[in-house]
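A.B. asks: See upload_3.pdb below, with PDB, C-alpha atoms.
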ATOM      1  CA  MET G   1      -9.032  24.313   0.667  1.00  0.00           C
ATOM      2  CA  HIS G   2      -9.348  27.758   2.176  1.00  0.00           C
ATOM      3  CA  SER G   3      -6.021  29.381   3.102  1.00  0.00           C
ATOM      4  CA  LEU G   4      -7.159  30.004   6.693  1.00  0.00           C
ATOM      5  CA  THR G   5      -8.009  26.319   7.047  1.00  0.00           C
ATOM      6  CA  ILE G   6      -4.584  25.383   5.691  1.00  0.00           C
ATOM      7  CA  ALA G   7      -2.905  27.792   8.103  1.00  0.00           C
ATOM      8  CA  ARG G   8      -4.793  26.279  11.053  1.00  0.00           C
ATOM      9  CA  ARG G   9      -3.901  22.761   9.926  1.00  0.00           C
ATOM     10  CA  LEU G  10      -0.218  23.672   9.624  1.00  0.00           C
ATOM     11  CA  ALA G  11      -0.269  25.334  13.045  1.00  0.00           C
ATOM     12  CA  TYR G  12      -1.849  22.218  14.553  1.00  0.00           C
ATOM     13  CA  LEU G  13       0.757  19.963  12.934  1.00  0.00           C
ATOM     14  CA  ALA G  14       3.577  22.216  14.144  1.00  0.00           C
ATOM     15  CA  ARG G  15       2.553  21.845  17.779  1.00  0.00           C
ATOM     16  CA  THR G  16       1.555  18.166  17.599  1.00  0.00           C
ATOM     17  CA  ALA G  17       4.131  15.517  18.340  1.00  0.00           C
ATOM     18  CA  MET G  18       4.391  13.449  15.176  1.00  0.00           C
ATOM     19  CA  PRO G  19       4.958   9.709  15.444  1.00  0.00           C
ATOM     20  CA  SER G  20       7.960   8.407  13.608  1.00  0.00           C
ATOM     21  CA  VAL G  21       7.214   8.707   9.914  1.00  0.00           C
ATOM     22  CA  PRO G  22       8.315   5.700   7.872  1.00  0.00           C
ATOM     23  CA  ASN G  23      10.583   6.078   4.897  1.00  0.00           C
ATOM     24  CA  LEU G  24       8.090   6.212   2.036  1.00  0.00           C
ATOM     25  CA  ARG G  25      10.686   4.723  -0.335  1.00  0.00           C
ATOM     26  CA  ASP G  26      10.042   1.392   1.393  1.00  0.00           C
ATOM     27  CA  TYR G  27       6.418   1.456   0.191  1.00  0.00           C
ATOM     28  CA  LEU G  28       4.603   1.107  -3.130  1.00  0.00           C
ATOM     29  CA  LEU G  29       1.434   2.804  -4.317  1.00  0.00           C
ATOM     30  CA  ILE G  30      -1.432   0.463  -5.083  1.00  0.00           C
ATOM     31  CA  ARG G  31      -0.841   0.543  -8.868  1.00  0.00           C
ATOM     32  CA  ASP G  32       2.829  -0.336  -8.404  1.00  0.00           C
ATOM     33  CA  ALA G  33       2.082  -3.005  -5.805  1.00  0.00           C
ATOM     34  CA  ALA G  34      -0.569  -4.580  -8.057  1.00  0.00           C
ATOM     35  CA  SER G  35       1.885  -4.642 -10.959  1.00  0.00           C
ATOM     36  CA  PHE G  36       4.576  -6.123  -8.703  1.00  0.00           C
ATOM     37  CA  LEU G  37       2.222  -8.964  -7.695  1.00  0.00           C
ATOM     38  CA  GLY G  38       0.645  -9.358 -11.117  1.00  0.00           C
ATOM     39  CA  VAL G  39      -2.903  -8.702  -9.916  1.00  0.00           C
ATOM     40  CA  SER G  40      -5.394  -5.892 -10.430  1.00  0.00           C
ATOM     41  CA  GLU G  41      -5.726  -2.917  -8.114  1.00  0.00           C
ATOM     42  CA  ALA G  42      -9.251  -4.088  -7.264  1.00  0.00           C
ATOM     43  CA  THR G  43      -7.881  -7.472  -6.175  1.00  0.00           C
ATOM     44  CA  LEU G  44      -5.319  -5.776  -3.965  1.00  0.00           C
ATOM     45  CA  ARG G  45      -8.037  -3.601  -2.389  1.00  0.00           C
ATOM     46  CA  ASN G  46     -10.097  -6.737  -1.700  1.00  0.00           C
ATOM     47  CA  TRP G  47      -7.076  -8.458  -0.154  1.00  0.00           C
ATOM     48  CA  ASP G  48      -6.540  -5.404   2.055  1.00  0.00           C
ATOM     49  CA  ARG G  49     -10.174  -5.414   3.221  1.00  0.00           C
ATOM     50  CA  GLY G  50     -10.007  -9.184   3.765  1.00  0.00           C
ATOM     51  CA  GLY G  51      -6.801  -8.978   5.780  1.00  0.00           C
ATOM     52  CA  LYS G  52      -4.745 -11.019   3.313  1.00  0.00           C
ATOM     53  CA  VAL G  53      -2.227  -8.228   2.852  1.00  0.00           C
ATOM     54  CA  ALA G  54      -1.533  -5.244   5.088  1.00  0.00           C
ATOM     55  CA  ALA G  55      -1.984  -1.786   3.636  1.00  0.00           C
ATOM     56  CA  HIS G  56      -0.687   1.320   5.324  1.00  0.00           C
ATOM     57  CA  ARG G  57      -1.941   4.828   4.667  1.00  0.00           C
ATOM     58  CA  ASN G  58       0.071   7.774   3.425  1.00  0.00           C
ATOM     59  CA  PRO G  59       0.076  10.273   6.314  1.00  0.00           C
ATOM     60  CA  ILE G  60      -0.542  13.195   3.955  1.00  0.00           C
ATOM     61  CA  ASN G  61      -3.149  12.015   1.462  1.00  0.00           C
ATOM     62  CA  GLY G  62      -4.487   8.743   2.890  1.00  0.00           C
ATOM     63  CA  TYR G  63      -3.579   6.645  -0.179  1.00  0.00           C
ATOM     64  CA  ARG G  64      -2.976   2.940   0.370  1.00  0.00           C
ATOM     65  CA  LEU G  65       0.690   2.042   0.581  1.00  0.00           C
ATOM     66  CA  PHE G  66       2.105  -1.467   0.562  1.00  0.00           C
ATOM     67  CA  LYS G  67       5.424  -2.279   2.164  1.00  0.00           C
ATOM     68  CA  LYS G  68       7.795  -3.838  -0.377  1.00  0.00           C
ATOM     69  CA  SER G  69       9.088  -6.398   2.111  1.00  0.00           C
ATOM     70  CA  ASP G  70       5.494  -7.536   2.860  1.00  0.00           C
ATOM     71  CA  LEU G  71       4.820  -8.060  -0.840  1.00  0.00           C
ATOM     72  CA  GLU G  72       8.077  -9.964  -1.303  1.00  0.00           C
ATOM     73  CA  GLU G  73       7.168 -12.180   1.658  1.00  0.00           C
ATOM     74  CA  LEU G  74       3.742 -12.838   0.133  1.00  0.00           C
ATOM     75  CA  LEU G  75       5.351 -13.929  -3.133  1.00  0.00           C
ATOM     76  CA  LYS G  76       7.716 -16.247  -1.241  1.00  0.00           C
ATOM     77  CA  LYS G  77       4.797 -17.847   0.623  1.00  0.00           C
ATOM     78  CA  VAL G  78       2.932 -18.460  -2.619  1.00  0.00           C
ATOM     79  CA  ALA G  79       6.040 -19.882  -4.284  1.00  0.00           C
ATOM     80  CA  HIS G  80       6.699 -22.255  -1.369  1.00  0.00           C
ATOM     81  CA  SER G  81       3.092 -23.280  -0.878  1.00  0.00           C
ATOM     82  CA  GLY G  82       3.097 -25.626  -3.859  1.00  0.00           C
ATOM     83  CA  SER G  83      -0.198 -24.117  -4.926  1.00  0.00           C
ATOM     84  CA  PRO G  84      -0.917 -24.527  -8.637  1.00  0.00           C
ATOM     85  CA  ARG G  85      -2.589 -21.118  -8.746  1.00  0.00           C
ATOM     86  CA  ARG G  86      -0.713 -18.412 -10.569  1.00  0.00           C
ATOM     87  CA  ILE G  87      -0.041 -14.946  -9.229  1.00  0.00           C
ATOM     88  CA  GLN G  88       0.314 -13.285 -12.606  1.00  0.00           C
ATOM     89  CA  ARG G  89      -2.569 -12.593 -14.923  1.00  0.00           C
ATOM     90  CA  ARG G  90      -2.740 -14.530 -18.125  1.00  0.00           C
ATOM     91  CA  ALA G  91      -1.926 -12.636 -21.267  1.00  0.00           C
ATOM     92  CA  ARG G  92      -5.002 -11.467 -23.138  1.00  0.00           C
ATOM     93  CA  ARG G  93      -5.452 -12.776 -26.617  1.00  0.00           C
TER      94      ARG G  93
END
Just give me the structure as structure tokens.

C.D. replies:
Amino acid sequence: MHSLTIARRLAYLARTAMPSVPNLRDYLLIRDAASFLGVSEATLRNWDRGGKVAAHRNPINGYRLFKKSDLEELLKKVAHSGSPRRIQRRARR
């Protein structure tokens, strides 16, 4: 990015009231969230698009972020649902 563009962006951010920024330690990147749930990143993206799990966006780079407490709640729902489906992938042979 051109340095003048960066300077303009920083000037804009300095004079713009920023909404409260969440503590990013409460969130996982998509690869970490997928590992936590035992699914692929593609599955997690599909769930986000389908509204099955809420993804937030990093305010700096736009990456998907998943709130740890949301993922824990999802695992609890699956565990209490009595569903025979598994969350974790089967081991490859």

A.B. asks: When you count all atoms listed in the file, which of these residues is closest to Lys68 in chain G: G:Lys52, G:Arg45, G:Arg31, G:Arg25?

C.D. replies: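 So, comparing all the options, the nearest one is G:Arg25.
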
A.B. asks: Report, in Å to a single decimal, how far apart CA of Leu24 in chain G and CA of Leu10 in chain G are.

C.D. replies: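 Calculated distance between CA of Leu10 in chain G and CA of Leu24 in chain G is 20.8 Å.
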
A.B. asks: Which of these, G:Phe66, G:Asn58, G:Arg49, G:His80, has the shortest distance to Ile30 in chain G once you count all atoms listed in the file?

C.D. replies: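 Among G:Phe66, G:Asn58, G:Arg49, G:His80, it is G:Phe66 that comes nearest to Ile30 in chain G.
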
A.B. asks: Using all atoms listed in the file, which of the listed residues (G:Ser35, G:Tyr27, G:Ala7, G:Asn46) sits closest to Asp70 in chain G?

C.D. replies: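 The closest residue to Asp70 in chain G is G:Tyr27.
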
A.B. asks: Interatomic distance between CA of Gly62 in chain G and CA of Asp48 in chain G?

C.D. replies: 14.3 Å

A.B. asks: For the atom pair CA of Glu72 in chain G and CA of Leu28 in chain G, what is the interatomic distance in Å to one decimal place?

C.D. replies: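 Atom-to-atom, CA of Glu72 in chain G to CA of Leu28 in chain G, that is 11.7 Å.
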
A.B. asks: Which residues fall under the PyMOL selection byres ((chain G and resi 71) around 12) in this file, as JSON, numbers by chain?

C.D. replies: {"G": [26, 27, 28, 29, 30, 32, 33, 34, 35, 36, 37, 38, 39, 44, 47, 52, 53, 54, 55, 65, 66, 67, 68, 69, 70, 72, 73, 74, 75, 76, 77, 78, 87]}

A.B. asks: Using all atoms listed in the file, which residue out of G:Asn23, G:Glu41, G:Ile6, G:Ala11 lies closest to Arg64 in chain G?

C.D. replies: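 Counting all atoms listed in the file, the residue closest to Arg64 in chain G is G:Glu41.
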